Amino acid sequence: MMSERTNTRESISKHPPSVKKNVNLYSVVLSALLLIVLYFVLMKIEGSANALVPRIARLCAINIVLALAMNLINGFTGIFSLGQAGFMAVGAYTTALLTIEPARKLSMYIVTPIVKPLETLTLPFGLTLIIGGLIAAGLAFLIGVPCLRLRGDYLAIATLGFSEIIRVFIMNAQSLTNGAQGLKSIPPNATILWTYGVALAVIAFMALFTTSSYGRALKAVREDEIAAESMGVSLFKHKMMSFMISAFLAGVGGGLLAAYNGTIGQDMFRVMQTYNVLMIVVMGGMGSISGSVIAAFVVTIGQEMLRVLDGPINLGFWKTSGIAGMRMVVFSALLLVVIVFFRNGLFGTKELTWSGIVRNIEKLAGRGKRGEVA
Amino acid sequence: MRQKVLEVNSVTMQFGGLIAVNDLTLFADQKEIVALIGPNGAGKTTAFNMITGVYKPTSGHIALNKLNITGMRPDRITRLGMARTFQNIRLFKSLPVLDNVVIAQHLRIKSNWLGSTLRLPRYNKENRLMYEHAEHLLEHMGLKDVIHETASSLPYGMQRKLEIARAIATQPVMLLLDEPAAGMNPAESMELTQLIQSVRDEFDLTILLIEHHMDVVMDISDRIYVLDYGNLIAVGTPAEIQANDVVIKAYLGVAEDEA
Amino acid sequence: MTGSMFLQHFTNALSVASLYALLAIGYTMVYGILRLINFAHGEIFMMGMYFAYFGIAMFHLPWFVSFIIAIIITALLGVAAERLAYRPLRDAPRISILISAIAVSYFLQNFATVLFGGRPLMFQQIPLLTTIMQLGPIRVPRLTLIVPAVTILLLVGLQFLLKKTKTGMAMRAVSRDYDAARLMGIDLNFTIAMTFFIGSALAGVGAILWGLKYPQIKPDVGSMPGIKCFIAAVLGGIGNTTGAVLGGFVLGFAEIMFVAFFPAASGYRDAVAFILLILILLVLPAGLLGKNTTEKV
């Protein structure tokens with residue numbers, strides 16, 4: 001029985017449940033090597049003559065964080081939440097408000113002055129990311145209490161609704177968020193080191209959390225709520241845990257995004273923002289960490305490469321002086337094709353693991369000799 | 001005198017105008033195997049759903065080891081020692097067989113989510129024990145060779161057994177089996193009969209089961225309850241039930257046609 | 001609040017509610033048949049607005065010709081979305097088709113930005129429809145009364161179609177039981193396509209009336225009304241056309257009265273729908289007119 005299906009299952013397999021010692025060892029060594037390579041690649045990118053290159057590289061890392069945050073709740077827990085943009089907004093505004101220099105704040109709040117303690121308060125960037133994440137998680141708790149009881153598509157609409165309420169609040173809370181004017185002069189703290197540091201930490205967290213007993217329980221909830229509950233898994237507790245952690249990570253991602261962008265406004269956090277992240281998650285495969293990571297690169301870089309479509313095009317027989325937004329049309333059409341024809345994305349719920357890769361290489365090498373795969 | 005593990009006291013379930021189960025009273029003694037039989041639509045699965053907390057009974061009381069569990073959430077009832085299987089198999093389909101059984105032990109975990117994620121020593125120990133226990137259980141159920149397979153890829157009979165293994169992994173005192181022999185041939189159901197008895201002895205279980213295969217029911221049950229249109233129409237030992245005129249009229253005759 | 005002010009709000013609420021009802025029907029019909037929140041419905045609505053606008057602005061059609069053509073094109077667009085993005089996924093898990101609907105909405109918004117430009121356009125004022133008239137103590141545009149009238153007319157037509165025509169009966173059959181309907185020889189593809197056609201046509205009508213009432217057109221003009229009208233459909237009991245109308249009215253009145261009584265909080269108008277949604281779902285999970293179903297275990 002040597003079908004294609006078995007092949008893919010071998011090469012992109014889930015973690016074998018009882019991990020052997022030696023497998024562990026070479027995974028660690030290979031991962032360490034990969035990290036070192038990554039470090040040098042990033043340093044090379046940072047020194048690139050084209051300023052756009054490090055910028056895109058950083059955006060890739062931020063998108064990894066955002067995609068994994070969403071994948072936790074949507075992919076691993078099977079709860080179709082569309083509240084991502086709201087939690088990102090919370091993180092973004094927290095980081096912005098806590099890192100912008102007091103003098104800048106003073107000059108920015110024209111309509112109403114900024115509320116008292118924030119006027120002069122500034123904190124280290126890393127701390128603001130965590131605070132932003134925590135506020136987002138706290139908000140997720142409040143939203144989750146009513147929403148997580150709803151089923152499937154109602155939950156999607158309700159979370160989307162709360163995300164919009166957060167945005168509407170930001171627009172109206174003039175003295176806190178500067179309302180429709182938004183915030184600018186956010187210090188550019190989202191360096192290559194920060195973005196990739198956070199992204200790696202989040203990848204490591206997700207890898208460990210989703211394979212822990214709690215992660216398994218979340219997958220059980222995804223597979224069959226009624227069965228999971230009958231096996232003693234408290235649905236509400238576990239859904240809430242996933243929802244809050246997801247919101248925390250989205251908040252951190254939002255904070256990075258604020259520092260990356262330099263300016264933020266409520267308009268950035270419309271439903272479209274949630275869809276953007278959702279598309280990365282779907283493309284990579286709902287329930288696959290490696291899928292989200294790779295898709296974050298593919299989508300971010302792909303969108304940049306499609307930018308040529310916005311510029312002047314001369315195909316000889318057809319000329320255009322550039323249509324702004326053309327790339328997004330092409331991109332969303334491509335996406336639609338992926339969703340309709342490859343709905344499991346790149347990886348489905350599978351993961352890329354060292355043991356899977358090694359096994360695959362061994363198999364490729366051994367195929368010629370034995371002509372059969374065990 | 002043996003202790004009553006499960007006591008169901010005049011429980012009624014009403015869906016709108018329909019009375020699915022009417023004033024049902026039953027009990028199960030420790031290590032007893034009790035069967036709940038009756039024609040399709042008699043309310044057997046509804047009774048299961050009330051006992052396990054999936055439905056909240058309209059009236060009546062249910063107690064597990066003297067503890068009132070009426071209307072409790074299913075996960076809490078499971079934690080108190082009740083486990084079940086489902087009529088229309090509800091495995092964690094896309095997960096490996098082994099994980100299906102490991103997940104069922106999650107309810108006993110002491111580490112919190114952070115400790116688990118950080119792989120603290122206590123968690124590692126707990127996790128190892130979960131896997132060892134799961135492997136042991138699967139071996140007992142004759143599923144050792146398929147532990148790394150995806151649950152949905154197993155043949156039907158094995159899926160039924162896996163559901164039983166998963167239920168036992170929650171460390172119950174009371175096990176509810178909803179048509180464990182459904183879709184099995186006579187040889188398989190014979191094997192299942194022995195398996196049920198062996199897990200009862202091995203894990204000190206009290207078992208309540210719904211079953212349509214009369215040979216299985218008559219073979220392993222200590223006592224049988226017969227439901228018809230939501231009403232309890234007879235209780236007794238297999239021999240008594242087989243000789244009961246009401247039962248024969250309401251049920252056994254119909255079952256012949258169905259089979 | 002004075003009586004005339006109240007009346008002013010009341011007539012306004014009446015027209016807003018009617019618009020919500022028109023859009024909610026499209027959601028409820030699609031949900032009834034495919035169990036799908038057609039996330040793209042709001043974008044179909046948005047496209048309808050642009051079609052009507054360009055019919056007049058670019059092709060210089062008389063307004064009623066432009067409107068009719070726009071309604072037909074909008075309806076066909078809905079059918080096309082079903083054919084291309086939903087039908088291939090009909091047997092896939094429900095979540096896939098939901099994601100596909102989101103992707104369609106994402107695509108249409110981007111597409112509209114390129115096609116029509118991101119800058120807001122002003123929908124034409126049709127004097128016959130938008131002239132302000134004196135109505136007792138209050139002054140309202142004619143439109144405020146035309147909208148409910150058109151809505152009622154269309155609803156009566158829809159009820160007739162669903163109850164008396166063969167296609168309508170097929171739609172109801174499919175929404176009741178997919179497989180049984182297929183076994184009874186109902187052409188599933190045609191019936192579903194018709195559902196999208198009618199739902200999207202109503203969205204087209206709604207779009208034109210909306211454009212007359214709120215003339216600013218932007219590519220994202222459909223997303224908020226879209227979501228709100230889905231909520232209206234849920235409020236009324238999803239899958240039930242009468243429920244959708246009821247939900248539209250509940251939502252329309254709740255929003256306008258919220259603004260009327262709490263003018264200081266008018267910035268939060270958009271939050272009303274979501275809070276209403278949560279409240280209803282917690283109290284009556286099946287909506288006002290929906291039937292409660294328990295999952296079989």
# chains A, B, ... in the order shown; residues from 1 in each chain; ligands from 1
>>> residues_around(residues="Ile165 in chain A", least_positions_apart="4", cutoff="10 Å", atoms="only C-alpha atoms", output="ChimeraX atom specification")
/A:86,159-161,169-171 /C:268-272,274-275
>>> closest_atom_pairs(of="range 173-241 of chain B", to="range 131-148 of chain B", cutoff="10 Å", atoms="only C-alpha atoms", output="JSON lines")
{"residue": "B:Leu192", "atom": "CA", "partner": "B:Met141", "partner_atom": "CA", "distance": 9.7}
{"residue": "B:Leu195", "atom": "CA", "partner": "B:Met141", "partner_atom": "CA", "distance": 7.4}
{"residue": "B:Ile196", "atom": "CA", "partner": "B:Met141", "partner_atom": "CA", "distance": 9.7}
{"residue": "B:Ser198", "atom": "CA", "partner": "B:His140", "partner_atom": "CA", "distance": 9.2}
{"residue": "B:Val199", "atom": "CA", "partner": "B:His140", "partner_atom": "CA", "distance": 8.4}
{"residue": "B:Glu202", "atom": "CA", "partner": "B:His140", "partner_atom": "CA", "distance": 9.6}
>>> interface_residues(of="chain A", to="chain C", cutoff="8 Å", atoms="only C-alpha atoms", output="PyMOL selection string")
chain A and resi 146-147+150+153+157-158+161-162+164-165+168-169+172+226+272+275+279+323-326+328-329+332-333+335-336+339-341+343
>>> select_by_dssp(residues="range 150-227 of chain B", states="helix (DSSP H, G or I)", output="PyMOL selection string")
chain B and resi 151-153+156-169+186-203+214-220
>>> write_last_selection(atoms="C-alpha atoms", output="CSV table (one decimal), in the first residue's frame")
chain,number,residue,atom,x,y,z
B,151,ALA,CA,-9.1,7.1,14.6
B,152,SER,CA,-11.4,7.5,11.6
B,153,SER,CA,-9.3,5.1,9.5
B,156,TYR,CA,-16.1,0.0,12.5
B,157,GLY,CA,-15.7,-2.7,15.2
B,158,MET,CA,-12.4,-1.3,16.3
B,159,GLN,CA,-13.9,2.2,16.5
B,160,ARG,CA,-16.5,0.9,18.9
B,161,LYS,CA,-13.8,-0.7,21.0
B,162,LEU,CA,-11.7,2.5,20.9
B,163,GLU,CA,-14.7,4.4,22.2
B,164,ILE,CA,-15.0,2.0,25.1
B,165,ALA,CA,-11.2,2.4,25.8
B,166,ARG,CA,-11.6,6.1,25.7
B,167,ALA,CA,-14.5,6.1,28.1
B,168,ILE,CA,-12.6,3.8,30.5
B,169,ALA,CA,-9.6,6.2,30.4
B,186,PRO,CA,-22.2,-12.6,15.6
B,187,ALA,CA,-18.5,-13.5,16.1
B,188,GLU,CA,-17.6,-9.9,16.8
B,189,SER,CA,-20.4,-9.4,19.2
B,190,MET,CA,-19.5,-12.6,21.0
B,191,GLU,CA,-16.0,-11.2,21.4
B,192,LEU,CA,-17.4,-7.9,22.6
B,193,THR,CA,-19.5,-9.7,25.3
B,194,GLN,CA,-16.3,-11.1,26.7
B,195,LEU,CA,-14.5,-7.8,26.5
B,196,ILE,CA,-17.3,-6.0,28.4
B,197,GLN,CA,-17.2,-8.6,31.1
B,198,SER,CA,-13.4,-8.4,31.3
B,199,VAL,CA,-13.2,-4.6,31.6
B,200,ARG,CA,-15.9,-4.8,34.2
B,201,ASP,CA,-13.7,-7.1,36.3
B,202,GLU,CA,-10.4,-5.4,35.5
B,203,PHE,CA,-11.6,-1.8,36.2
B,214,MET,CA,-30.7,-9.9,22.1
B,215,ASP,CA,-28.1,-12.6,22.3
B,216,VAL,CA,-25.6,-10.1,23.7
B,217,VAL,CA,-28.1,-8.7,26.2
B,218,MET,CA,-29.3,-12.0,27.4
B,219,ASP,CA,-25.8,-13.2,27.7
B,220,ILE,CA,-24.2,-10.5,29.8
>>> closest_atom_pairs(of="chain B", to="chain A", cutoff="9 Å", atoms="only C-alpha atoms", output="tab-separated table")
residue	atom	partner	partner_atom	distance
B:Thr52	CA	A:Ser230	CA	7.6
B:Gly53	CA	A:Ser230	CA	8.6
B:Val54	CA	A:Ile226	CA	8.1
B:Arg73	CA	A:Glu229	CA	8.4
B:Pro74	CA	A:Ser230	CA	5.4
B:Asp75	CA	A:Gly232	CA	3.8
B:Arg76	CA	A:Gly232	CA	6.4
B:Ile77	CA	A:Gly232	CA	7.6
B:Thr78	CA	A:Gly232	CA	5.1
B:Arg79	CA	A:Gly232	CA	5.7
B:Met82	CA	A:Ser230	CA	8.9
B:Ala83	CA	A:Ser230	CA	7.0
B:Arg84	CA	A:Ser230	CA	7.1
B:Thr85	CA	A:Ala227	CA	8.6
B:Phe86	CA	A:Ala227	CA	8.3
B:Arg90	CA	A:Ala227	CA	6.0
B:Leu91	CA	A:Ala227	CA	7.0
B:Phe92	CA	A:Glu223	CA	5.2
B:Lys93	CA	A:Glu223	CA	6.6
B:Ser94	CA	A:Glu223	CA	7.3
B:Leu95	CA	A:Lys219	CA	8.3
B:Pro96	CA	A:Pro17	CA	8.8
B:Leu98	CA	A:Pro17	CA	7.9
B:Asp99	CA	A:Pro17	CA	7.6
B:Asn100	CA	A:Ala220	CA	8.1
B:Val102	CA	A:Ser213	CA	8.3
B:Ile103	CA	A:Ala217	CA	6.0
B:Ala104	CA	A:Met231	CA	5.2
B:Gln105	CA	A:Met231	CA	8.0
B:His106	CA	A:Ser213	CA	6.2
B:Leu107	CA	A:Gly232	CA	5.4
B:Arg108	CA	A:Gly232	CA	8.8
B:Ile109	CA	A:Ser213	CA	8.1
B:Asn112	CA	A:Tyr214	CA	8.4
B:Trp113	CA	A:Tyr214	CA	6.2
B:Leu114	CA	A:Phe209	CA	8.1
B:Ser116	CA	A:Ser212	CA	5.9
B:Thr117	CA	A:Phe209	CA	4.6
B:Leu118	CA	A:Leu208	CA	7.3
B:Arg119	CA	A:Leu208	CA	8.0
B:Tyr123	CA	A:Ser213	CA	8.9
B:Asn127	CA	A:Ser213	CA	7.4
B:Arg128	CA	A:Ser18	CA	8.5
B:Tyr131	CA	A:Ser18	CA	7.7
B:His148	CA	A:Pro16	CA	8.0
B:Arg166	CA	A:Met231	CA	7.9
B:Ala167	CA	A:Met231	CA	6.9
B:Ala169	CA	A:Met231	CA	8.8
B:Thr170	CA	A:Met231	CA	6.6
>>> closest_atom_pairs(of="chain B", to="chain C", cutoff="10 Å", atoms="only C-alpha atoms", output="Markdown table")
| residue | atom | partner | partner_atom | distance |
| --- | --- | --- | --- | --- |
| B:Phe15 | CA | C:Thr294 | CA | 9.5 |
| B:Gly16 | CA | C:Asn292 | CA | 9.9 |
| B:Thr45 | CA | C:Val297 | CA | 8.1 |
| B:Thr46 | CA | C:Val297 | CA | 8.7 |
| B:Phe48 | CA | C:Val297 | CA | 9.8 |
| B:Asn49 | CA | C:Val297 | CA | 7.7 |
| B:Val54 | CA | C:Val297 | CA | 8.2 |
| B:Tyr55 | CA | C:Thr294 | CA | 9.6 |
| B:Phe86 | CA | C:Val297 | CA | 7.4 |
| B:Gln87 | CA | C:Val297 | CA | 7.8 |
| B:Asn88 | CA | C:Val297 | CA | 7.7 |
| B:Ile89 | CA | C:Val297 | CA | 9.7 |
| B:Arg90 | CA | C:Val297 | CA | 9.1 |
>>> write_last_selection(atoms="N, CA and C atoms", output="PDB file, in the first residue's frame")
ATOM      1  N   PHE B  15     -39.841  16.959  25.406  1.00  0.00           N
ATOM      2  CA  PHE B  15     -39.428  17.905  24.365  1.00  0.00           C
ATOM      3  C   PHE B  15     -40.692  18.526  23.797  1.00  0.00           C
ATOM      4  N   GLY B  16     -40.980  19.737  24.144  1.00  0.00           N
ATOM      5  CA  GLY B  16     -42.235  20.346  23.693  1.00  0.00           C
ATOM      6  C   GLY B  16     -43.396  19.479  24.161  1.00  0.00           C
ATOM      7  N   THR B  45     -31.806   6.232  24.477  1.00  0.00           N
ATOM      8  CA  THR B  45     -30.691   7.168  24.356  1.00  0.00           C
ATOM      9  C   THR B  45     -30.988   8.465  25.100  1.00  0.00           C
ATOM     10  N   THR B  46     -32.256   8.858  25.095  1.00  0.00           N
ATOM     11  CA  THR B  46     -32.638  10.042  25.865  1.00  0.00           C
ATOM     12  C   THR B  46     -32.327   9.831  27.343  1.00  0.00           C
ATOM     13  N   PHE B  48     -30.014   7.915  28.533  1.00  0.00           N
ATOM     14  CA  PHE B  48     -28.556   8.042  28.633  1.00  0.00           C
ATOM     15  C   PHE B  48     -28.135   9.504  28.683  1.00  0.00           C
ATOM     16  N   ASN B  49     -28.736  10.281  27.790  1.00  0.00           N
ATOM     17  CA  ASN B  49     -28.356  11.686  27.707  1.00  0.00           C
ATOM     18  C   ASN B  49     -28.695  12.441  28.982  1.00  0.00           C
ATOM     19  N   VAL B  54     -26.124  15.446  29.192  1.00  0.00           N
ATOM     20  CA  VAL B  54     -26.296  16.116  27.904  1.00  0.00           C
ATOM     21  C   VAL B  54     -27.654  16.818  27.861  1.00  0.00           C
ATOM     22  N   TYR B  55     -28.673  16.153  28.381  1.00  0.00           N
ATOM     23  CA  TYR B  55     -29.978  16.812  28.542  1.00  0.00           C
ATOM     24  C   TYR B  55     -30.253  16.998  30.026  1.00  0.00           C
ATOM     25  N   PHE B  86     -21.068   6.474  22.489  1.00  0.00           N
ATOM     26  CA  PHE B  86     -22.184   7.047  21.741  1.00  0.00           C
ATOM     27  C   PHE B  86     -22.717   6.062  20.708  1.00  0.00           C
ATOM     28  N   GLN B  87     -24.022   6.179  20.491  1.00  0.00           N
ATOM     29  CA  GLN B  87     -24.678   5.309  19.511  1.00  0.00           C
ATOM     30  C   GLN B  87     -24.050   5.493  18.122  1.00  0.00           C
ATOM     31  N   ASN B  88     -23.900   6.764  17.739  1.00  0.00           N
ATOM     32  CA  ASN B  88     -23.304   7.034  16.430  1.00  0.00           C
ATOM     33  C   ASN B  88     -21.864   7.497  16.611  1.00  0.00           C
ATOM     34  N   ILE B  89     -21.028   6.572  17.091  1.00  0.00           N
ATOM     35  CA  ILE B  89     -19.597   6.799  17.349  1.00  0.00           C
ATOM     36  C   ILE B  89     -19.119   8.249  17.206  1.00  0.00           C
ATOM     37  N   ARG B  90     -18.633   8.774  18.294  1.00  0.00           N
ATOM     38  CA  ARG B  90     -18.114  10.146  18.276  1.00  0.00           C
ATOM     39  C   ARG B  90     -16.669  10.141  18.740  1.00  0.00           C
TER      40      ARG B  90
END
>>> residues_around(residues="Tyr53 in chain C", least_positions_apart="4", cutoff="7 Å", atoms="only C-alpha atoms", output="JSON, numbers by chain")
{"C": [49, 57, 123, 124]}
>>> write_last_selection(atoms="N, CA and C atoms", output="PDB file, in the first residue's frame")
ATOM      1  N   MET C  49     -25.258  49.208  -5.657  1.00  0.00           N
ATOM      2  CA  MET C  49     -25.295  50.662  -5.547  1.00  0.00           C
ATOM      3  C   MET C  49     -24.451  51.304  -6.653  1.00  0.00           C
ATOM      4  N   ALA C  57     -24.694  57.842 -14.322  1.00  0.00           N
ATOM      5  CA  ALA C  57     -23.578  58.769 -14.493  1.00  0.00           C
ATOM      6  C   ALA C  57     -22.801  58.504 -15.771  1.00  0.00           C
ATOM      7  N   PHE C 123     -24.350  59.395  -4.699  1.00  0.00           N
ATOM      8  CA  PHE C 123     -25.459  58.790  -5.428  1.00  0.00           C
ATOM      9  C   PHE C 123     -26.402  59.887  -5.910  1.00  0.00           C
ATOM     10  N   GLN C 124     -26.935  59.687  -7.122  1.00  0.00           N
ATOM     11  CA  GLN C 124     -27.782  60.733  -7.702  1.00  0.00           C
ATOM     12  C   GLN C 124     -29.047  60.955  -6.861  1.00  0.00           C
TER      13      GLN C 124
END
>>> residues_around(residues="Leu249 in chain A", least_positions_apart="2", cutoff="7 Å", atoms="only C-alpha atoms", output="PyMOL selection string")
chain A and resi 65+69+133+245-247+251-253
>>> residues_around(residues="Thr11 in chain C", least_positions_apart="3", cutoff="10 Å", atoms="only C-alpha atoms", output="NGL selection string")
:C and (6-8 or 14-17 or 138 or 140 or 144-145 or 148 or 253 or 256)
>>> write_last_selection(atoms="C-alpha atoms", output="short mmCIF file (atom, residue, chain, number, x, y, z; two decimals), in the first residue's frame")
data_model
loop_
_atom_site.label_atom_id
_atom_site.label_comp_id
_atom_site.auth_asym_id
_atom_site.auth_seq_id
_atom_site.Cartn_x
_atom_site.Cartn_y
_atom_site.Cartn_z
CA PHE C 6 -40.78 61.57 17.87
CA LEU C 7 -42.78 61.31 14.69
CA GLN C 8 -39.73 62.39 12.73
CA LEU C 14 -39.64 52.99 9.50
CA SER C 15 -37.54 53.51 6.40
CA VAL C 16 -34.29 52.27 7.95
CA ALA C 17 -36.11 49.21 9.24
CA ILE C 138 -42.99 67.00 10.17
CA VAL C 140 -39.68 64.20 5.43
CA THR C 144 -39.08 57.88 3.80
CA LEU C 145 -42.51 56.68 2.81
CA PRO C 148 -41.60 51.02 3.40
CA PHE C 253 -36.29 50.80 15.45
CA ILE C 256 -32.98 54.91 15.61
#
>>> residues_around(residues="Gly239 in chain C", least_positions_apart="4", cutoff="9 Å", atoms="only C-alpha atoms", output="JSON, numbers by chain")
{"C": [25, 27, 28, 29, 30, 31, 32, 33, 35, 175, 233, 234, 243, 244, 290]}
>>> residues_around(residues="Gly248 in chain C", least_positions_apart="2", cutoff="8 Å", atoms="only C-alpha atoms", output="VMD selection string")
chain C and resid 17 to 22 24 229 232 to 233 236 244 to 246 250 to 252
>>> write_last_selection(atoms="N, CA and C atoms", output="tab-separated table (two decimals), in the first residue's frame")
chain	number	residue	atom	x	y	z
C	17	ALA	N	-35.70	50.58	8.94
C	17	ALA	CA	-36.11	49.21	9.24
C	17	ALA	C	-36.49	48.47	7.96
C	18	SER	N	-37.16	49.16	7.06
C	18	SER	CA	-37.55	48.51	5.81
C	18	SER	C	-36.33	48.10	4.99
C	19	LEU	N	-35.32	48.98	4.99
C	19	LEU	CA	-34.10	48.65	4.26
C	19	LEU	C	-33.43	47.42	4.86
C	20	TYR	N	-33.35	47.40	6.18
C	20	TYR	CA	-32.76	46.24	6.85
C	20	TYR	C	-33.53	44.98	6.48
C	21	ALA	N	-34.84	45.10	6.47
C	21	ALA	CA	-35.67	43.93	6.17
C	21	ALA	C	-35.37	43.40	4.78
C	22	LEU	N	-35.23	44.31	3.82
C	22	LEU	CA	-34.95	43.87	2.45
C	22	LEU	C	-33.65	43.07	2.37
C	24	ALA	N	-32.09	41.63	4.93
C	24	ALA	CA	-32.13	40.46	5.82
C	24	ALA	C	-32.76	39.27	5.12
C	229	CYS	N	-27.65	43.36	8.86
C	229	CYS	CA	-28.84	42.69	8.34
C	229	CYS	C	-28.77	41.20	8.58
C	232	ALA	N	-30.14	41.05	11.86
C	232	ALA	CA	-31.60	41.18	11.80
C	232	ALA	C	-32.23	39.83	11.48
C	233	ALA	N	-31.62	39.12	10.53
C	233	ALA	CA	-32.16	37.81	10.16
C	233	ALA	C	-32.09	36.85	11.34
C	236	GLY	N	-34.78	37.62	13.99
C	236	GLY	CA	-36.12	37.16	13.65
C	236	GLY	C	-36.22	35.64	13.64
C	244	ALA	N	-37.19	37.50	9.23
C	244	ALA	CA	-36.18	38.45	8.76
C	244	ALA	C	-36.76	39.87	8.75
C	245	VAL	N	-38.00	39.98	8.28
C	245	VAL	CA	-38.65	41.28	8.24
C	245	VAL	C	-38.84	41.82	9.66
C	246	LEU	N	-39.33	40.94	10.51
C	246	LEU	CA	-39.52	41.32	11.91
C	246	LEU	C	-38.19	41.77	12.53
C	250	VAL	N	-37.19	45.27	14.20
C	250	VAL	CA	-36.70	45.39	15.58
C	250	VAL	C	-35.38	46.15	15.59
C	251	LEU	N	-34.47	45.74	14.70
C	251	LEU	CA	-33.14	46.36	14.68
C	251	LEU	C	-33.22	47.83	14.26
C	252	GLY	N	-33.97	48.10	13.19
C	252	GLY	CA	-34.09	49.47	12.70
C	252	GLY	C	-34.63	50.40	13.78
>>> atom_distance(atom1="CA of Ala201 in chain A", atom2="CA of Pro188 in chain A")
20.4 Å
>>> decode(residues="range 106-135 of chain A", atoms="C-alpha atoms", output="compact mmCIF listing (two decimals), in the first residue's frame")
# COMPACT_ATOMS: atom_id res chain seq x y z
CA LEU A 106 0.69 66.83 24.03
CA SER A 107 0.83 68.28 20.54
CA MET A 108 -1.21 65.48 18.99
CA TYR A 109 -4.33 65.67 21.13
CA ILE A 110 -5.92 68.73 19.60
CA VAL A 111 -9.63 68.11 20.14
CA THR A 112 -9.44 67.03 23.77
CA PRO A 113 -6.34 66.72 25.93
CA ILE A 114 -5.11 63.25 26.77
CA VAL A 115 -6.23 61.66 30.04
CA LYS A 116 -4.03 62.23 33.04
CA PRO A 117 -1.64 59.38 33.75
CA LEU A 118 -1.01 58.69 30.07
CA GLU A 119 0.09 62.24 29.49
CA THR A 120 3.58 61.67 30.75
CA LEU A 121 3.75 57.92 31.10
CA THR A 122 6.13 56.00 28.89
CA LEU A 123 7.27 52.42 29.40
CA PRO A 124 9.80 50.08 27.80
CA PHE A 125 8.58 48.63 24.51
CA GLY A 126 8.63 44.98 25.59
CA LEU A 127 6.56 45.74 28.64
CA THR A 128 3.98 47.64 26.58
CA LEU A 129 3.58 44.60 24.32
CA ILE A 130 2.80 42.46 27.34
CA ILE A 131 0.42 45.03 28.83
CA GLY A 132 -1.35 45.33 25.48
CA GLY A 133 -1.65 41.57 25.31
CA LEU A 134 -3.00 41.37 28.84
CA ILE A 135 -5.63 44.05 28.23
